[in-house]
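What follows is a short report on a single structure.
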Amino acid sequence: MHALVYTDTQKLIYREEKNPVPVNGESIIKVSASGICGSDMHAYHGNDNRRIPPLILGHEVSGIIDKGKEPGKKVVLNPLITCGLCDYCKNSREHLCVKRIILGMNRPTERQGGFAEYVSVPDKNIYELPKNLSIKEAPIAEPCAVALHAVELGEKKLSKPIKDIKALVIGAGAIGLLCGLIQSKVKNCKDIVIVDPNNKRLKESLKYLDAKGFKPDSKNILSDYFDIVFDTVGLETTRQQAIKCIKPGGIIIHIGLTQPSGTFNFRKTTLQEITFVGTYCYTNKDFEKTLAILNNKEIGSLEWIEYRELKEGSLAFKEIHDGSCTAPKIILLI
Ligand SMILES: [Zn+2]
Ligand SMILES: [Zn+2]
C-alpha cells in the first residue's frame with residue numbers, strides 16, 4: 001500500500017509500505033480521509049517520545065471496512081485503544097487507561113496510523129459513519145471529541161451556567177476553534193474571546209465562530225477577567241496568559257502539549273483559588289456524543305477544513321510548520 005511515512009525530524013516520505021495483516025478482533029479499514037493533528041506536528045518536530053520514526057502517523061481517520069466483520073461499511077475510528085480491563089476502563093474513564101495507545105504511535109507498543117491506504121484497528125474502536133456526516137469530514141470527530149471533553153470538564157467545575165460566563169480560548173487551531181464552537185453553538189456561551197498570533201488563521205476562525213479575536217499581546221484582553229481559559233497551545237507564554245487573564249475562582253483548562261514545563265504563578269493560583277485542569281482525549285461516551293453533535297450539524301459549517309491529497313501530505317506538514325497554512329485543520333484524502 002501507499003503510505004506517508006514519518007522517517008526523520010521534519011521529514012515525511014510517500015512510499016510503498018507493507019499492508020496491515022488481519023488480526024483476531026480487528027478489522028482492516030480502507031482509509032478515506034485522515035486529519036493532521038497538532039500531536040502529529042509535535043512528532044514531526046521530533047518532540048514526541050511516543051512517536052519515533054519510522055512511523056505512519058495519523059489518528060483522525062474515516063474509511064470503509066475492507067476486511068473484518070462488516071466489509072463495505074462506512075466508518076469513523078476512535079483511535080484511542082484501551083485495555084478494557086483496568087480500573088479506568090471499567091469506570092468509563094477509558095482515556096486514562098494504563099495501557100492506552102493511539103493509532104500512529106509506536107511507544108510503548110506499535111500501532112501504525114492512518115496516513116496510509118489501509119489501517120488495522122480493534123472492532124470496538126469502529127463506529128458507523130453518521131448519516132449526515134460526509135466521510136471526508138468525519139476525521140474531525142476525533143479533535144471535536146477532545147474539545148467536547150475539555151469543555152465539559154470545565155463546565156462541571158464552573159460555579160455558574162456556561163451560557164453566562166466569559167471564556168478565553170488561546171489558540172485558533174482546530175482544538176481552539178472547536179472549543180469555541182462547542183461553547184458557542186452547543187452550550188450557548190455568548191462571551192468568547194479567541195487569541196492567536198497568526199492573523200490569517202484568526203480571521204479564518206472568526207468566519208465560523210461568534211467571538212472576538214485578538215493577537216495575544218492585545219490590550220483588549222483583560223487581566224483577572226475570564227471565568228474559564230482554554231490553553232490549547234501549552235507554551236510557557238500561553239500558560240502565563242492563562243494565569244494572568246483568569247479571574248478569582250476561575251478555571252484553566254490545559255490542553256496543549258507544546259512545552260512540558262516552565263514557571264507558573266502558583267501564588268495567584270492559591271490566593272485566588274484558581275482551578276488548573278489538565279485534559280487529554282475523551283471517553284468512549286464523549287466520542288459517541290460527538291458523533292451525534294456532528295450528525296445534527298450542531299457546530300455549523302465545517303468549511304474551515306482544508307483538503308489535500310495524501311501524496312501531498314509532506315507539503316501540508318511543511319505549510320502548517322511555517323505558518324503559511326491558515327486553515328485550522330487539514331485533512332488528507334486517500
Ligand atoms: Zn488528534
Ligand atoms: Zn484500561
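Chain lettering (A, B, ...) mirrors the order of the C-alpha cells, residue numbering begins at 1 for each chain separately, and ligand numbering begins at 1 in order of display.
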
Contacts between stretch 117-128 of chain A and stretch 185-300 of chain A, please, where a residue of stretch 185-300 of chain A counts if it comes within 10 Å (with only C-alpha atoms); show its shortest atom pair and distance in Å to one decimal, rows by chain and ascending number, as CSV.
residue,atom,partner,partner_atom,distance
A:Asn284,CA,A:Asn125,CA,8.9
A:Phe287,CA,A:Tyr127,CA,9.4
A:Glu288,CA,A:Tyr127,CA,8.4
A:Leu291,CA,A:Tyr127,CA,8.9

Taking only residues of chain A that have an atom at most 10 Å from an atom of ligand 1, what is each one's shortest atom pair and its distance in Å to one decimal, using only C-alpha atoms and all ligand atoms, in chain and number order, as a tab-separated table?
residue	atom	partner	partner_atom_place_in_ligand_line	distance
A:Gly35	CA	ligand 1	1 (Zn)	7.6
A:Ile36	CA	ligand 1	1 (Zn)	7.2
A:Cys37	CA	ligand 1	1 (Zn)	4.4
A:Gly38	CA	ligand 1	1 (Zn)	6.6
A:Ser39	CA	ligand 1	1 (Zn)	6.3
A:Asp40	CA	ligand 1	1 (Zn)	7.6
A:Gly58	CA	ligand 1	1 (Zn)	7.8
A:His59	CA	ligand 1	1 (Zn)	6.2
A:Glu60	CA	ligand 1	1 (Zn)	5.9
A:Val61	CA	ligand 1	1 (Zn)	9.6
A:Pro79	CA	ligand 1	1 (Zn)	8.8
A:Ile102	CA	ligand 1	1 (Zn)	9.4
A:Leu103	CA	ligand 1	1 (Zn)	9.9
A:Pro139	CA	ligand 1	1 (Zn)	9.0
A:Ile140	CA	ligand 1	1 (Zn)	8.6
A:Ala141	CA	ligand 1	1 (Zn)	9.3
A:Glu142	CA	ligand 1	1 (Zn)	6.0
A:Pro143	CA	ligand 1	1 (Zn)	5.2
A:Cys144	CA	ligand 1	1 (Zn)	8.9
A:Ala145	CA	ligand 1	1 (Zn)	9.3
A:Val146	CA	ligand 1	1 (Zn)	7.8
A:Ala174	CA	ligand 1	1 (Zn)	9.3
A:Ile175	CA	ligand 1	1 (Zn)	8.8
A:Cys281	CA	ligand 1	1 (Zn)	8.2

Task: Residues near stretch 319-332 of chain A, cut-off 10 Å, only C-alpha atoms, skip fewer than 2 positions along chain, as a PyMOL selection string - done: chain A and resi 10+32-38+41-42+44-45+58+60-61+114-116+136-140+143+171-178+198-205+302-317+334

Using the selection just defined, write its residues with C-alpha atoms as a CSV table (one decimal), in the first residue's frame.
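out28.csv, freshly written:
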chain,number,residue,atom,x,y,z
A,10,GLN,CA,10.6,17.2,9.6
A,32,SER,CA,-10.7,7.5,3.0
A,33,ALA,CA,-9.6,10.6,5.0
A,34,SER,CA,-7.1,11.3,7.7
A,35,GLY,CA,-6.6,14.5,9.6
A,36,ILE,CA,-3.3,16.1,10.6
A,37,CYS,CA,-3.3,16.8,14.3
A,38,GLY,CA,-1.2,19.1,16.5
A,41,MET,CA,3.1,18.1,14.3
A,42,HIS,CA,4.9,17.5,17.7
A,44,TYR,CA,7.2,15.9,13.0
A,45,HIS,CA,9.3,18.3,15.1
A,58,GLY,CA,-2.4,9.9,11.7
A,60,GLU,CA,-8.2,11.1,12.9
A,61,VAL,CA,-9.5,8.5,10.4
A,114,GLY,CA,-4.0,6.4,9.2
A,115,PHE,CA,-1.8,8.3,6.7
A,116,ALA,CA,-2.0,5.2,4.6
A,136,LYS,CA,-14.3,13.4,4.0
A,137,GLU,CA,-15.3,15.5,7.0
A,138,ALA,CA,-15.6,12.6,9.5
A,139,PRO,CA,-12.0,12.7,10.8
A,140,ILE,CA,-13.0,15.9,12.6
A,143,PRO,CA,-10.5,16.6,17.7
A,171,GLY,CA,-5.0,29.3,20.0
A,172,ALA,CA,-7.1,29.3,16.8
A,173,GLY,CA,-6.1,25.9,15.6
A,174,ALA,CA,-8.6,23.1,15.3
A,175,ILE,CA,-8.9,22.4,19.1
A,176,GLY,CA,-9.2,26.1,19.9
A,177,LEU,CA,-11.8,26.7,17.2
A,178,LEU,CA,-13.7,23.5,18.2
A,198,ASN,CA,-1.4,34.2,13.2
A,199,ASN,CA,-3.7,36.9,12.0
A,200,LYS,CA,-4.9,35.0,8.9
A,201,ARG,CA,-5.7,31.9,10.9
A,202,LEU,CA,-7.6,34.0,13.5
A,203,LYS,CA,-9.6,35.7,10.8
A,204,GLU,CA,-10.5,32.3,9.3
A,205,SER,CA,-11.7,31.1,12.6
A,302,LEU,CA,-17.2,22.6,8.5
A,303,GLU,CA,-15.9,24.6,5.6
A,304,TRP,CA,-12.9,25.7,7.6
A,305,ILE,CA,-11.4,22.3,6.9
A,306,GLU,CA,-8.9,22.2,4.0
A,307,TYR,CA,-8.4,19.0,2.0
A,308,ARG,CA,-5.2,17.7,0.4
A,309,GLU,CA,-4.1,14.5,-1.3
A,310,LEU,CA,-2.2,12.0,0.9
A,311,LYS,CA,0.7,12.1,-1.6
A,312,GLU,CA,1.0,15.9,-1.0
A,313,GLY,CA,1.0,15.3,2.8
A,314,SER,CA,4.6,16.3,3.3
A,315,LEU,CA,3.9,19.8,1.9
A,316,ALA,CA,0.9,20.1,4.1
A,317,PHE,CA,3.1,19.4,7.2
A,334,ILE,CA,-6.5,8.9,0.3

Open item on the list: Neighbouring residues of ligand 2 are defined here as those with any atom at most 6 Å from a ligand atom, counting only C-alpha atoms and all ligand atoms; list them as a PyMOL selection string.
Closed with: chain A and resi 82-86+88-89+97-99

May I have the residues from that selection written out with all heavy atoms, as a compact mmCIF listing (two decimals), in the first residue's frame?
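The result, written out as result20.txt:
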# COMPACT_ATOMS: atom_id res chain seq x y z
N THR A 82 -7.71 0.99 24.21
CA THR A 82 -7.52 0.79 25.65
C THR A 82 -7.72 -0.68 26.01
O THR A 82 -8.25 -1.46 25.20
CB THR A 82 -8.52 1.67 26.42
OG1 THR A 82 -9.85 1.36 25.98
CG2 THR A 82 -8.26 3.15 26.16
N CYS A 83 -7.33 -1.06 27.24
CA CYS A 83 -7.28 -2.49 27.58
C CYS A 83 -8.65 -3.08 27.90
O CYS A 83 -8.87 -4.27 27.74
CB CYS A 83 -6.31 -2.72 28.73
SG CYS A 83 -6.95 -2.28 30.36
N GLY A 84 -9.57 -2.24 28.36
CA GLY A 84 -10.91 -2.73 28.69
C GLY A 84 -10.98 -3.45 30.04
O GLY A 84 -12.05 -3.88 30.45
N LEU A 85 -9.86 -3.58 30.72
CA LEU A 85 -9.82 -4.38 31.94
C LEU A 85 -9.44 -3.59 33.19
O LEU A 85 -9.79 -3.97 34.30
CB LEU A 85 -8.79 -5.52 31.77
CG LEU A 85 -9.02 -6.47 30.61
CD1 LEU A 85 -7.80 -7.36 30.39
CD2 LEU A 85 -10.27 -7.32 30.85
N CYS A 86 -8.72 -2.49 33.01
CA CYS A 86 -8.20 -1.78 34.19
C CYS A 86 -9.32 -0.98 34.86
O CYS A 86 -10.43 -0.87 34.35
CB CYS A 86 -7.02 -0.88 33.80
SG CYS A 86 -7.48 0.59 32.88
N TYR A 88 -9.72 2.17 35.21
CA TYR A 88 -10.21 3.31 34.41
C TYR A 88 -11.17 2.84 33.33
O TYR A 88 -12.24 3.42 33.13
CB TYR A 88 -9.03 4.07 33.79
CG TYR A 88 -8.16 4.73 34.82
CD1 TYR A 88 -6.89 4.22 35.13
CD2 TYR A 88 -8.61 5.85 35.52
CE1 TYR A 88 -6.10 4.82 36.10
CE2 TYR A 88 -7.83 6.45 36.49
CZ TYR A 88 -6.57 5.93 36.78
OH TYR A 88 -5.80 6.52 37.73
N CYS A 89 -10.77 1.78 32.63
CA CYS A 89 -11.63 1.25 31.56
C CYS A 89 -12.98 0.80 32.11
O CYS A 89 -14.01 1.00 31.48
CB CYS A 89 -10.94 0.09 30.86
SG CYS A 89 -9.62 0.63 29.75
N CYS A 97 -6.67 4.95 30.69
CA CYS A 97 -6.22 3.55 30.74
C CYS A 97 -4.70 3.47 30.84
O CYS A 97 -3.99 4.17 30.13
CB CYS A 97 -6.68 2.83 29.47
SG CYS A 97 -6.02 1.17 29.30
N VAL A 98 -4.25 2.59 31.72
CA VAL A 98 -2.80 2.47 31.93
C VAL A 98 -2.10 1.88 30.70
O VAL A 98 -0.89 2.04 30.54
CB VAL A 98 -2.48 1.61 33.17
CG1 VAL A 98 -2.89 2.34 34.45
CG2 VAL A 98 -3.20 0.26 33.13
N LYS A 99 -2.87 1.22 29.83
CA LYS A 99 -2.25 0.64 28.64
C LYS A 99 -2.68 1.34 27.36
O LYS A 99 -2.57 0.78 26.28
CB LYS A 99 -2.61 -0.85 28.57
CG LYS A 99 -1.90 -1.66 29.62
CD LYS A 99 -2.12 -3.14 29.43
CE LYS A 99 -1.30 -3.92 30.44
NZ LYS A 99 -1.83 -5.27 30.62

Open item on the list: Give me, as a ChimeraX atom specification, the residues of stretch 63-262 of chain A that a backbone DSSP run labels strand (DSSP E or B).
Closed with: /A:63-67,74-77,80-81,101-102,105,111,116,118-122,126-128,166-170,191-195,212-214,226-231,246-254

Keeping only C-alpha atoms, write the selected residues as an mmCIF file, in the first residue's frame.
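To be explicit, this is the file written out as part_25.cif:
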data_model
loop_
_atom_site.group_PDB
_atom_site.id
_atom_site.type_symbol
_atom_site.label_atom_id
_atom_site.label_comp_id
_atom_site.auth_asym_id
_atom_site.auth_seq_id
_atom_site.Cartn_x
_atom_site.Cartn_y
_atom_site.Cartn_z
ATOM 1 C CA GLY A 63 -12.919 4.915 5.810
ATOM 2 C CA ILE A 64 -14.615 1.730 4.684
ATOM 3 C CA ILE A 65 -14.210 -1.682 6.280
ATOM 4 C CA ASP A 66 -12.145 -3.798 3.901
ATOM 5 C CA LYS A 67 -11.601 -6.992 5.891
ATOM 6 C CA LYS A 74 -18.559 3.316 6.138
ATOM 7 C CA VAL A 75 -16.926 4.079 9.435
ATOM 8 C CA VAL A 76 -15.125 6.583 11.608
ATOM 9 C CA LEU A 77 -12.477 5.449 14.073
ATOM 10 C CA LEU A 80 -7.766 5.559 21.418
ATOM 11 C CA ILE A 81 -7.129 1.892 22.045
ATOM 12 C CA ILE A 101 -2.247 3.711 22.882
ATOM 13 C CA ILE A 102 -3.345 5.789 19.921
ATOM 14 C CA MET A 105 2.182 5.785 17.836
ATOM 15 C CA ARG A 111 0.212 0.999 16.160
ATOM 16 C CA ALA A 116 -1.969 5.166 4.563
ATOM 17 C CA TYR A 118 -5.076 0.691 4.991
ATOM 18 C CA VAL A 119 -5.022 0.575 8.771
ATOM 19 C CA SER A 120 -5.847 -2.171 11.262
ATOM 20 C CA VAL A 121 -7.988 -1.282 14.274
ATOM 21 C CA PRO A 122 -9.830 -3.201 17.032
ATOM 22 C CA ILE A 126 -15.031 1.303 14.929
ATOM 23 C CA TYR A 127 -18.149 3.500 14.735
ATOM 24 C CA GLU A 128 -20.649 3.679 11.920
ATOM 25 C CA LYS A 166 -16.755 34.856 29.863
ATOM 26 C CA ALA A 167 -14.425 32.456 28.093
ATOM 27 C CA LEU A 168 -10.947 32.932 26.667
ATOM 28 C CA VAL A 169 -9.618 30.468 24.118
ATOM 29 C CA ILE A 170 -5.883 30.600 23.467
ATOM 30 C CA ASP A 191 -18.972 35.919 25.511
ATOM 31 C CA ILE A 192 -15.928 34.305 23.933
ATOM 32 C CA VAL A 193 -12.529 35.782 23.106
ATOM 33 C CA ILE A 194 -10.100 33.820 20.957
ATOM 34 C CA VAL A 195 -6.425 34.721 20.548
ATOM 35 C CA LYS A 212 -13.950 38.478 19.453
ATOM 36 C CA GLY A 213 -10.497 37.734 18.110
ATOM 37 C CA PHE A 214 -7.214 39.358 19.101
ATOM 38 C CA PHE A 226 -12.371 35.375 32.406
ATOM 39 C CA ASP A 227 -14.322 32.629 34.196
ATOM 40 C CA ILE A 228 -12.602 29.999 32.089
ATOM 41 C CA VAL A 229 -9.476 29.931 29.938
ATOM 42 C CA PHE A 230 -8.646 27.166 27.472
ATOM 43 C CA ASP A 231 -4.954 26.877 26.709
ATOM 44 C CA ILE A 246 -8.235 34.126 34.721
ATOM 45 C CA LYS A 247 -10.404 35.733 37.353
ATOM 46 C CA PRO A 248 -10.523 34.709 41.032
ATOM 47 C CA GLY A 249 -12.210 31.349 41.353
ATOM 48 C CA GLY A 250 -11.771 30.677 37.631
ATOM 49 C CA ILE A 251 -10.876 27.520 35.760
ATOM 50 C CA ILE A 252 -7.862 26.986 33.488
ATOM 51 C CA ILE A 253 -8.276 24.089 31.086
ATOM 52 C CA HIS A 254 -4.892 22.995 29.782
#
